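Enquirer: File name upload-v5.pdb; file contents PDB, C-alpha atoms; full text below.
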ATOM      1  CA  MET J   1      58.987   4.690  26.674
ATOM      2  CA  ASP J   2      55.904   3.236  28.324
ATOM      3  CA  GLN J   3      56.529   0.763  31.101
ATOM      4  CA  ARG J   4      55.582  -2.352  29.213
ATOM      5  CA  ILE J   5      56.886  -5.578  27.752
ATOM      6  CA  SER J   6      55.422  -6.890  24.519
ATOM      7  CA  ALA J   7      56.897 -10.360  24.417
ATOM      8  CA  VAL J   8      59.247 -12.759  26.066
ATOM      9  CA  THR J   9      61.137 -15.048  23.743
ATOM     10  CA  LEU J  10      62.746 -18.260  24.804
ATOM     11  CA  GLY J  11      65.547 -19.625  22.688
ATOM     12  CA  VAL J  12      64.997 -23.365  22.371
ATOM     13  CA  ALA J  13      66.836 -26.312  20.854
ATOM     14  CA  ASP J  14      63.703 -27.737  19.208
ATOM     15  CA  VAL J  15      60.554 -25.634  18.818
ATOM     16  CA  ASN J  16      58.259 -28.665  18.603
ATOM     17  CA  ARG J  17      59.676 -30.204  21.744
ATOM     18  CA  ALA J  18      59.371 -26.928  23.655
ATOM     19  CA  ARG J  19      55.900 -26.285  22.245
ATOM     20  CA  GLY J  20      54.781 -29.709  23.407
ATOM     21  CA  PHE J  21      55.856 -28.862  26.917
ATOM     22  CA  TYR J  22      53.842 -25.643  27.046
ATOM     23  CA  GLU J  23      50.862 -27.317  25.419
ATOM     24  CA  ARG J  24      51.011 -29.872  28.187
ATOM     25  CA  LEU J  25      50.713 -27.034  30.670
ATOM     26  CA  GLY J  26      47.381 -26.334  29.014
ATOM     27  CA  TRP J  27      48.466 -23.475  26.775
ATOM     28  CA  ALA J  28      47.291 -23.104  23.182
ATOM     29  CA  PRO J  29      49.637 -21.713  20.549
ATOM     30  CA  SER J  30      48.293 -19.341  17.924
ATOM     31  CA  LYS J  31      47.406 -20.722  14.519
ATOM     32  CA  GLY J  32      50.403 -18.900  13.084
ATOM     33  CA  SER J  33      52.731 -21.216  14.987
ATOM     34  CA  ASP J  34      54.812 -23.771  13.098
ATOM     35  CA  ASP J  35      57.929 -25.846  13.677
ATOM     36  CA  LYS J  36      60.137 -22.777  13.434
ATOM     37  CA  ALA J  37      58.334 -20.528  15.897
ATOM     38  CA  ALA J  38      55.492 -20.830  18.370
ATOM     39  CA  PHE J  39      53.409 -17.952  19.713
ATOM     40  CA  PHE J  40      51.238 -17.839  22.798
ATOM     41  CA  GLN J  41      48.870 -14.987  23.638
ATOM     42  CA  MET J  42      49.604 -13.998  27.224
ATOM     43  CA  ASN J  43      48.138 -11.179  29.335
ATOM     44  CA  GLY J  44      48.693  -8.374  26.933
ATOM     45  CA  LEU J  45      51.994  -9.744  25.745
ATOM     46  CA  ALA J  46      53.289 -12.712  23.805
ATOM     47  CA  LEU J  47      55.405 -15.663  24.725
ATOM     48  CA  MET J  48      57.419 -16.957  21.807
ATOM     49  CA  LEU J  49      59.514 -20.049  21.275
ATOM     50  CA  TYR J  50      62.241 -19.751  18.702
ATOM     51  CA  SER J  51      65.431 -21.554  17.732
ATOM     52  CA  MET J  52      68.133 -20.487  20.185
ATOM     53  CA  LYS J  53      70.625 -20.295  17.340
ATOM     54  CA  GLU J  54      68.329 -18.095  15.235
ATOM     55  CA  LEU J  55      67.347 -16.019  18.241
ATOM     56  CA  ALA J  56      70.959 -15.246  19.045
ATOM     57  CA  LYS J  57      71.592 -14.439  15.395
ATOM     58  CA  ASP J  58      68.520 -12.183  15.273
ATOM     59  CA  ALA J  59      69.794 -10.305  18.309
ATOM     60  CA  GLY J  60      73.226  -9.852  16.789
ATOM     61  CA  VAL J  61      74.840 -12.236  19.240
ATOM     62  CA  GLU J  62      77.253 -14.797  17.904
ATOM     63  CA  ARG J  63      76.283 -17.778  19.986
ATOM     64  CA  PRO J  64      73.782 -18.587  22.729
ATOM     65  CA  GLY J  65      75.192 -19.294  26.167
ATOM     66  CA  MET J  66      74.573 -22.570  27.908
ATOM     67  CA  GLY J  67      73.299 -23.261  31.405
ATOM     68  CA  PHE J  68      71.355 -20.731  33.417
ATOM     69  CA  ASP J  69      70.297 -17.939  31.119
ATOM     70  CA  ASN J  70      70.319 -15.172  33.685
ATOM     71  CA  VAL J  71      66.655 -14.358  33.188
ATOM     72  CA  THR J  72      63.689 -15.833  34.978
ATOM     73  CA  ILE J  73      60.006 -15.495  34.288
ATOM     74  CA  SER J  74      57.496 -15.537  37.071
ATOM     75  CA  TYR J  75      54.061 -17.085  37.193
ATOM     76  CA  ASN J  76      52.219 -15.819  40.244
ATOM     77  CA  VAL J  77      49.250 -17.544  41.851
ATOM     78  CA  PRO J  78      46.943 -16.491  44.683
ATOM     79  CA  SER J  79      47.799 -19.242  47.195
ATOM     80  CA  GLN J  80      50.564 -21.499  48.472
ATOM     81  CA  ALA J  81      48.565 -24.551  47.472
ATOM     82  CA  GLU J  82      48.523 -23.412  43.861
ATOM     83  CA  VAL J  83      52.303 -22.967  43.867
ATOM     84  CA  LYS J  84      52.615 -26.674  44.609
ATOM     85  CA  GLN J  85      49.942 -27.579  42.054
ATOM     86  CA  VAL J  86      51.643 -25.653  39.260
ATOM     87  CA  LEU J  87      55.063 -27.112  40.075
ATOM     88  CA  ALA J  88      53.563 -30.602  40.055
ATOM     89  CA  LYS J  89      51.916 -29.914  36.715
ATOM     90  CA  ALA J  90      55.170 -28.591  35.273
ATOM     91  CA  LYS J  91      57.034 -31.673  36.437
ATOM     92  CA  LYS J  92      54.380 -33.904  34.931
ATOM     93  CA  ALA J  93      54.649 -31.960  31.666
ATOM     94  CA  GLY J  94      58.350 -32.784  31.412
ATOM     95  CA  GLY J  95      59.853 -29.919  33.392
ATOM     96  CA  THR J  96      62.570 -30.231  36.004
ATOM     97  CA  ILE J  97      62.088 -28.938  39.523
ATOM     98  CA  LEU J  98      65.011 -26.617  40.231
ATOM     99  CA  ARG J  99      63.901 -25.721  43.734
ATOM    100  CA  ASP J 100      60.988 -27.137  45.683
ATOM    101  CA  ALA J 101      58.285 -24.773  46.886
ATOM    102  CA  ALA J 102      59.208 -23.202  50.209
ATOM    103  CA  GLN J 103      58.570 -20.198  52.405
ATOM    104  CA  GLN J 104      60.757 -17.259  51.346
ATOM    105  CA  PHE J 105      62.474 -14.555  53.367
ATOM    106  CA  TRP J 106      60.459 -11.874  51.537
ATOM    107  CA  GLY J 107      57.172 -13.229  52.858
ATOM    108  CA  GLY J 108      56.120 -15.319  49.918
ATOM    109  CA  PHE J 109      56.073 -18.971  48.998
ATOM    110  CA  SER J 110      57.742 -20.091  45.806
ATOM    111  CA  GLY J 111      59.580 -22.722  43.832
ATOM    112  CA  TYR J 112      61.225 -23.021  40.434
ATOM    113  CA  PHE J 113      60.954 -25.362  37.517
ATOM    114  CA  ALA J 114      62.994 -25.459  34.330
ATOM    115  CA  ASP J 115      61.489 -26.095  30.933
ATOM    116  CA  PRO J 116      63.215 -28.605  28.649
ATOM    117  CA  ASP J 117      65.824 -26.057  27.652
ATOM    118  CA  GLY J 118      66.652 -25.048  31.191
ATOM    119  CA  HIS J 119      64.665 -21.803  31.223
ATOM    120  CA  ALA J 120      63.855 -21.075  34.836
ATOM    121  CA  TRP J 121      60.251 -20.303  35.756
ATOM    122  CA  GLU J 122      59.429 -19.136  39.245
ATOM    123  CA  VAL J 123      56.017 -20.127  40.570
ATOM    124  CA  ALA J 124      55.156 -17.785  43.402
ATOM    125  CA  PHE J 125      52.537 -16.810  45.917
ATOM    126  CA  ASN J 126      53.378 -13.230  46.801
ATOM    127  CA  PRO J 127      51.078 -11.781  49.479
ATOM    128  CA  HIS J 128      52.364  -8.276  48.662
ATOM    129  CA  TRP J 129      51.174  -8.338  45.079
ATOM    130  CA  LYS J 130      47.582  -8.136  43.950
ATOM    131  CA  ILE J 131      46.473 -10.277  41.046
ATOM    132  CA  ASP J 132      43.339  -8.906  39.371
ATOM    133  CA  ALA J 133      40.584 -10.867  37.673
ATOM    134  CA  LYS J 134      42.448 -10.621  34.398
ATOM    135  CA  GLY J 135      45.600 -12.166  35.838
ATOM    136  CA  ASN J 136      47.520  -8.917  35.797
ATOM    137  CA  VAL J 137      49.728  -8.231  38.778
ATOM    138  CA  LYS J 138      49.852  -4.978  40.674
ATOM    139  CA  ILE J 139      53.025  -4.403  42.576
ATOM    140  CA  PRO J 140      53.141  -1.999  45.561
ATOM    141  CA  LYS J 141      53.712   1.602  44.517
TER     142      LYS J 141
ATOM    143  CA  MET D   1      47.441 -22.560  33.966
ATOM    144  CA  ASP D   2      46.291 -19.279  32.474
ATOM    145  CA  GLN D   3      48.345 -17.922  29.600
ATOM    146  CA  ARG D   4      50.085 -15.164  31.456
ATOM    147  CA  ILE D   5      53.422 -13.952  32.741
ATOM    148  CA  SER D   6      53.598 -12.077  36.018
ATOM    149  CA  ALA D   7      57.150 -10.792  35.936
ATOM    150  CA  VAL D   8      60.396 -10.819  34.060
ATOM    151  CA  THR D   9      63.503 -10.692  36.192
ATOM    152  CA  LEU D  10      66.876  -9.649  34.920
ATOM    153  CA  GLY D  11      69.912 -10.828  36.838
ATOM    154  CA  VAL D  12      72.299  -7.889  37.067
ATOM    155  CA  ALA D  13      75.800  -7.251  38.388
ATOM    156  CA  ASP D  14      74.815  -4.031  40.184
ATOM    157  CA  VAL D  15      71.156  -3.191  40.837
ATOM    158  CA  ASN D  16      71.820   0.545  41.124
ATOM    159  CA  ARG D  17      73.699   0.667  37.849
ATOM    160  CA  ALA D  18      70.973  -1.301  36.049
ATOM    161  CA  ARG D  19      68.240   0.759  37.701
ATOM    162  CA  GLY D  20      69.909   3.947  36.515
ATOM    163  CA  PHE D  21      69.794   2.690  32.962
ATOM    164  CA  TYR D  22      66.072   1.970  33.052
ATOM    165  CA  GLU D  23      65.364   5.228  34.828
ATOM    166  CA  ARG D  24      67.149   6.946  31.986
ATOM    167  CA  LEU D  25      64.704   5.290  29.617
ATOM    168  CA  GLY D  26      62.035   7.203  31.494
ATOM    169  CA  TRP D  27      60.829   4.379  33.726
ATOM    170  CA  ALA D  28      60.011   4.893  37.399
ATOM    171  CA  PRO D  29      60.762   2.144  39.906
ATOM    172  CA  SER D  30      58.280   1.441  42.684
ATOM    173  CA  LYS D  31      58.913   2.932  46.101
ATOM    174  CA  GLY D  32      59.704  -0.533  47.399
ATOM    175  CA  SER D  33      62.860  -0.606  45.274
ATOM    176  CA  ASP D  34      66.268  -0.448  46.956
ATOM    177  CA  ASP D  35      69.869  -1.288  46.115
ATOM    178  CA  LYS D  36      69.137  -5.000  46.317
ATOM    179  CA  ALA D  37      66.120  -5.138  44.033
ATOM    180  CA  ALA D  38      64.232  -2.785  41.748
ATOM    181  CA  PHE D  39      60.624  -3.190  40.616
ATOM    182  CA  PHE D  40      58.882  -1.598  37.683
ATOM    183  CA  GLN D  41      55.134  -1.782  37.078
ATOM    184  CA  MET D  42      54.682  -2.908  33.493
ATOM    185  CA  ASN D  43      51.488  -3.701  31.546
ATOM    186  CA  GLY D  44      49.962  -6.068  34.014
ATOM    187  CA  LEU D  45      53.286  -7.579  34.943
ATOM    188  CA  ALA D  46      56.459  -6.555  36.696
ATOM    189  CA  LEU D  47      59.990  -6.069  35.556
ATOM    190  CA  MET D  48      62.501  -6.740  38.293
ATOM    191  CA  LEU D  49      66.214  -6.172  38.599
ATOM    192  CA  TYR D  50      68.013  -8.438  41.004
ATOM    193  CA  SER D  51      71.563  -9.568  41.730
ATOM    194  CA  MET D  52      72.481 -12.201  39.140
ATOM    195  CA  LYS D  53      74.209 -14.235  41.831
ATOM    196  CA  GLU D  54      71.181 -14.100  44.127
ATOM    197  CA  LEU D  55      68.801 -14.732  41.269
ATOM    198  CA  ALA D  56      70.635 -17.881  40.264
ATOM    199  CA  LYS D  57      70.725 -18.983  43.890
ATOM    200  CA  ASP D  58      66.999 -18.286  44.275
ATOM    201  CA  ALA D  59      66.292 -20.411  41.220
ATOM    202  CA  GLY D  60      68.397 -23.263  42.530
ATOM    203  CA  VAL D  61      71.071 -22.758  39.894
ATOM    204  CA  GLU D  62      74.695 -22.797  40.973
ATOM    205  CA  ARG D  63      76.062 -19.978  38.880
ATOM    206  CA  PRO D  64      74.780 -17.550  36.272
ATOM    207  CA  GLY D  65      76.037 -17.961  32.731
ATOM    208  CA  MET D  66      77.887 -15.228  30.952
ATOM    209  CA  GLY D  67      77.292 -13.713  27.524
ATOM    210  CA  PHE D  68      73.982 -13.984  25.738
ATOM    211  CA  ASP D  69      71.392 -15.174  28.185
ATOM    212  CA  ASN D  70      69.235 -17.011  25.704
ATOM    213  CA  VAL D  71      66.161 -14.914  26.426
ATOM    214  CA  THR D  72      65.112 -11.681  24.793
ATOM    215  CA  ILE D  73      62.405  -9.257  25.753
ATOM    216  CA  SER D  74      60.533  -7.319  23.129
ATOM    217  CA  TYR D  75      59.315  -3.753  23.192
ATOM    218  CA  ASN D  76      56.933  -3.191  20.303
ATOM    219  CA  VAL D  77      56.077   0.198  18.850
ATOM    220  CA  PRO D  78      53.549   1.260  16.191
ATOM    221  CA  SER D  79      55.972   2.572  13.561
ATOM    222  CA  GLN D  80      59.421   2.119  12.039
ATOM    223  CA  ALA D  81      60.345   5.645  13.085
ATOM    224  CA  GLU D  82      59.728   4.798  16.724
ATOM    225  CA  VAL D  83      61.976   1.735  16.482
ATOM    226  CA  LYS D  84      64.843   4.060  15.633
ATOM    227  CA  GLN D  85      63.840   6.550  18.312
ATOM    228  CA  VAL D  86      63.783   3.932  21.046
ATOM    229  CA  LEU D  87      67.116   2.445  19.963
ATOM    230  CA  ALA D  88      68.649   5.917  19.976
ATOM    231  CA  LYS D  89      67.248   6.580  23.414
ATOM    232  CA  ALA D  90      68.581   3.260  24.702
ATOM    233  CA  LYS D  91      72.020   4.030  23.332
ATOM    234  CA  LYS D  92      71.947   7.442  24.946
ATOM    235  CA  ALA D  93      70.933   5.847  28.227
ATOM    236  CA  GLY D  94      74.064   3.696  28.201
ATOM    237  CA  GLY D  95      72.884   0.690  26.241
ATOM    238  CA  THR D  96      74.776  -1.022  23.454
ATOM    239  CA  ILE D  97      73.300  -1.464  20.001
ATOM    240  CA  LEU D  98      73.535  -5.165  19.189
ATOM    241  CA  ARG D  99      71.895  -4.881  15.800
ATOM    242  CA  ASP D 100      70.818  -1.741  13.987
ATOM    243  CA  ALA D 101      67.181  -1.339  13.029
ATOM    244  CA  ALA D 102      66.443  -3.001   9.704
ATOM    245  CA  GLN D 103      63.670  -4.533   7.653
ATOM    246  CA  GLN D 104      63.085  -8.148   8.662
ATOM    247  CA  PHE D 105      62.140 -11.210   6.621
ATOM    248  CA  TRP D 106      58.911 -11.614   8.645
ATOM    249  CA  GLY D 107      57.623  -8.249   7.495
ATOM    250  CA  GLY D 108      58.607  -6.110  10.421
ATOM    251  CA  PHE D 109      61.296  -3.614  11.231
ATOM    252  CA  SER D 110      63.468  -4.158  14.287
ATOM    253  CA  GLY D 111      66.758  -3.760  16.068
ATOM    254  CA  TYR D 112      68.310  -4.837  19.324
ATOM    255  CA  PHE D 113      70.039  -3.107  22.193
ATOM    256  CA  ALA D 114      71.700  -4.610  25.240
ATOM    257  CA  ASP D 115      71.359  -3.167  28.704
ATOM    258  CA  PRO D 116      74.526  -2.779  30.788
ATOM    259  CA  ASP D 117      74.501  -6.450  31.691
ATOM    260  CA  GLY D 118      74.097  -7.645  28.153
ATOM    261  CA  HIS D 119      70.370  -8.409  28.332
ATOM    262  CA  ALA D 120      69.053  -8.224  24.808
ATOM    263  CA  TRP D 121      65.970  -6.101  24.130
ATOM    264  CA  GLU D 122      64.330  -6.214  20.738
ATOM    265  CA  VAL D 123      62.652  -3.005  19.609
ATOM    266  CA  ALA D 124      60.174  -3.903  16.914
ATOM    267  CA  PHE D 125      57.519  -2.599  14.595
ATOM    268  CA  ASN D 126      55.412  -5.618  13.764
ATOM    269  CA  PRO D 127      52.605  -4.863  11.284
ATOM    270  CA  HIS D 128      50.981  -8.222  12.110
ATOM    271  CA  TRP D 129      50.444  -7.411  15.760
ATOM    272  CA  LYS D 130      47.924  -4.942  17.129
ATOM    273  CA  ILE D 131      48.928  -2.747  20.030
ATOM    274  CA  ASP D 132      45.911  -1.452  21.941
ATOM    275  CA  ALA D 133      45.581   1.859  23.763
ATOM    276  CA  LYS D 134      46.883   0.218  26.933
ATOM    277  CA  GLY D 135      50.063  -0.977  25.222
ATOM    278  CA  ASN D 136      48.980  -4.597  25.239
ATOM    279  CA  VAL D 137      49.813  -6.596  22.145
ATOM    280  CA  LYS D 138      47.380  -8.852  20.335
ATOM    281  CA  ILE D 139      48.988 -11.538  18.255
ATOM    282  CA  PRO D 140      47.140 -13.166  15.347
ATOM    283  CA  LYS D 141      44.968 -16.087  16.466
TER     284      LYS D 141
END
Would you encode the structure as structure tokens?

Expert:
Amino acid sequence: MDQRISAVTLGVADVNRARGFYERLGWAPSKGSDDKAAFFQMNGLALMLYSMKELAKDAGVERPGMGFDNVTISYNVPSQAEVKQVLAKAKKAGGTILRDAAQQFWGGFSGYFADPDGHAWEVAFNPHWKIDAKGNVKIPK
Amino acid sequence: MDQRISAVTLGVADVNRARGFYERLGWAPSKGSDDKAAFFQMNGLALMLYSMKELAKDAGVERPGMGFDNVTISYNVPSQAEVKQVLAKAKKAGGTILRDAAQQFWGGFSGYFADPDGHAWEVAFNPHWKIDAKGNVKIPK
């Protein structure tokens, strides 16, 4: 198996509501998106929004859990200032700030916001990771 | 905000146990990995394994949920045969098959396995998506 991820799917209560949030972040869904599923082209992978009930069913799981979903997705930026900017934009878009941006013990600067369904996104400046011109991260070997 | 994801983090009960599972899939953690956190270089993003308790704390969430975490991660392959191969490999590595590989209503062929902490991974052949030589997916515009 190659070390790669092809998509991240977020189970959501209402695809249109969730889609509106991500559109307000400035993201454009693919033309194939509708009120049952939304698709966003990311850096070599896809972000998908799909009914949490259907997603659980598709995965062979009886029922989605509630509350923190035990997975986070990170959005890294090249400066502390941008961490604050992205969190502010997320809040303005209808997100909830879970943790304000702050210096972290591991040397970085980060905060968290939740999307309308409670999915936790970390916004981080990590001085140990390189971000190339294409937005891909390179972690230390 | 660019359309990109920098990392996916899985909250786990025991980093070493989870790391062993992914190593058995053939993945190599970075040298910076230890028993508190493991890092895998993916296609322009990172996969991280981190204590579920610490992850929830880091995200400003009181306590991780149990059961289905309401997020899935997809691993796409270029053929139906490879879907079965990857699921078999995951099972052999200590994963649990959540749903056997089968033809899907959207035209693809997929199944799901769970890692030792119950994180659901979809293994999919999706004829509508292109996978380039670098393993990046291209979804229809």

Enquirer: Do me a favour and pick out the residues of chain D within 7 Å of chain J, using only C-alpha atoms, as a VMD selection string.

Expert: chain D and resid 1 3 to 11 25 to 27 30 to 32 41 to 45 52 59 to 61 64 to 76 98 to 99 112 120 135 to 141

Enquirer: Using the selection just defined, write its residues with C-alpha atoms as a PDB file, keeping the file's coordinate frame.

Expert:
ATOM      1  CA  MET D   1      47.441 -22.560  33.966  1.00  0.00           C
ATOM      2  CA  GLN D   3      48.345 -17.922  29.600  1.00  0.00           C
ATOM      3  CA  ARG D   4      50.085 -15.164  31.456  1.00  0.00           C
ATOM      4  CA  ILE D   5      53.422 -13.952  32.741  1.00  0.00           C
ATOM      5  CA  SER D   6      53.598 -12.077  36.018  1.00  0.00           C
ATOM      6  CA  ALA D   7      57.150 -10.792  35.936  1.00  0.00           C
ATOM      7  CA  VAL D   8      60.396 -10.819  34.060  1.00  0.00           C
ATOM      8  CA  THR D   9      63.503 -10.692  36.192  1.00  0.00           C
ATOM      9  CA  LEU D  10      66.876  -9.649  34.920  1.00  0.00           C
ATOM     10  CA  GLY D  11      69.912 -10.828  36.838  1.00  0.00           C
ATOM     11  CA  LEU D  25      64.704   5.290  29.617  1.00  0.00           C
ATOM     12  CA  GLY D  26      62.035   7.203  31.494  1.00  0.00           C
ATOM     13  CA  TRP D  27      60.829   4.379  33.726  1.00  0.00           C
ATOM     14  CA  SER D  30      58.280   1.441  42.684  1.00  0.00           C
ATOM     15  CA  LYS D  31      58.913   2.932  46.101  1.00  0.00           C
ATOM     16  CA  GLY D  32      59.704  -0.533  47.399  1.00  0.00           C
ATOM     17  CA  GLN D  41      55.134  -1.782  37.078  1.00  0.00           C
ATOM     18  CA  MET D  42      54.682  -2.908  33.493  1.00  0.00           C
ATOM     19  CA  ASN D  43      51.488  -3.701  31.546  1.00  0.00           C
ATOM     20  CA  GLY D  44      49.962  -6.068  34.014  1.00  0.00           C
ATOM     21  CA  LEU D  45      53.286  -7.579  34.943  1.00  0.00           C
ATOM     22  CA  MET D  52      72.481 -12.201  39.140  1.00  0.00           C
ATOM     23  CA  ALA D  59      66.292 -20.411  41.220  1.00  0.00           C
ATOM     24  CA  GLY D  60      68.397 -23.263  42.530  1.00  0.00           C
ATOM     25  CA  VAL D  61      71.071 -22.758  39.894  1.00  0.00           C
ATOM     26  CA  PRO D  64      74.780 -17.550  36.272  1.00  0.00           C
ATOM     27  CA  GLY D  65      76.037 -17.961  32.731  1.00  0.00           C
ATOM     28  CA  MET D  66      77.887 -15.228  30.952  1.00  0.00           C
ATOM     29  CA  GLY D  67      77.292 -13.713  27.524  1.00  0.00           C
ATOM     30  CA  PHE D  68      73.982 -13.984  25.738  1.00  0.00           C
ATOM     31  CA  ASP D  69      71.392 -15.174  28.185  1.00  0.00           C
ATOM     32  CA  ASN D  70      69.235 -17.011  25.704  1.00  0.00           C
ATOM     33  CA  VAL D  71      66.161 -14.914  26.426  1.00  0.00           C
ATOM     34  CA  THR D  72      65.112 -11.681  24.793  1.00  0.00           C
ATOM     35  CA  ILE D  73      62.405  -9.257  25.753  1.00  0.00           C
ATOM     36  CA  SER D  74      60.533  -7.319  23.129  1.00  0.00           C
ATOM     37  CA  TYR D  75      59.315  -3.753  23.192  1.00  0.00           C
ATOM     38  CA  ASN D  76      56.933  -3.191  20.303  1.00  0.00           C
ATOM     39  CA  LEU D  98      73.535  -5.165  19.189  1.00  0.00           C
ATOM     40  CA  ARG D  99      71.895  -4.881  15.800  1.00  0.00           C
ATOM     41  CA  TYR D 112      68.310  -4.837  19.324  1.00  0.00           C
ATOM     42  CA  ALA D 120      69.053  -8.224  24.808  1.00  0.00           C
ATOM     43  CA  GLY D 135      50.063  -0.977  25.222  1.00  0.00           C
ATOM     44  CA  ASN D 136      48.980  -4.597  25.239  1.00  0.00           C
ATOM     45  CA  VAL D 137      49.813  -6.596  22.145  1.00  0.00           C
ATOM     46  CA  LYS D 138      47.380  -8.852  20.335  1.00  0.00           C
ATOM     47  CA  ILE D 139      48.988 -11.538  18.255  1.00  0.00           C
ATOM     48  CA  PRO D 140      47.140 -13.166  15.347  1.00  0.00           C
ATOM     49  CA  LYS D 141      44.968 -16.087  16.466  1.00  0.00           C
TER      50      LYS D 141
END

Enquirer: Using the chain letters and residue numbers of this document, give as a PDB file with C-alpha atoms, in the coordinates of the input the residues selected by the PyMOL selection byres ((chain J and resi 95) around 6).

Expert:
ATOM      1  CA  ALA J  90      55.170 -28.591  35.273  1.00  0.00           C
ATOM      2  CA  LYS J  91      57.034 -31.673  36.437  1.00  0.00           C
ATOM      3  CA  ALA J  93      54.649 -31.960  31.666  1.00  0.00           C
ATOM      4  CA  GLY J  94      58.350 -32.784  31.412  1.00  0.00           C
ATOM      5  CA  THR J  96      62.570 -30.231  36.004  1.00  0.00           C
ATOM      6  CA  ALA J 114      62.994 -25.459  34.330  1.00  0.00           C
ATOM      7  CA  ASP J 115      61.489 -26.095  30.933  1.00  0.00           C
ATOM      8  CA  PRO J 116      63.215 -28.605  28.649  1.00  0.00           C
TER       9      PRO J 116
END

Enquirer: Counting all atoms listed in the file, what is within 9 Å of Asn126 of chain D, bar same-chain residues fewer than 5 positions away, as a VMD selection string?

Expert: chain D and resid 76 to 80 106 to 110

Enquirer: Between atom CA of Ala88 of chain D and atom CA of Val15 of chain D, what is the distance in Å, rounded to a tenth?

Expert: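 For atom CA of Ala88 of chain D relative to atom CA of Val15 of chain D, the distance reads 22.9 Å.
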
Enquirer: For a test of reading the model, state the distance in Å between atom CA of Gly118 of chain J and atom CA of Ala13 of chain D, rounded to one decimal.

Expert: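 These atoms are spaced 21.3 Å apart.
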
Enquirer: Please provide the set of residues having any atom within 9 Å of Asn16 of chain J, restricted to only C-alpha atoms, with same-chain residues fewer than 3 positions apart removed, written as a list in words.

Expert: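 Residues meeting the cut-off are Arg19, Gly20, Phe21, Asp34, Asp35, Lys36, Ala37 and Ala38 of chain J.
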
Enquirer: Using atom CA of Arg17 of chain J and atom CA of Lys130 of chain D as the two end points, give the distance in Å to one decimal.

Expert: 28.2 Å
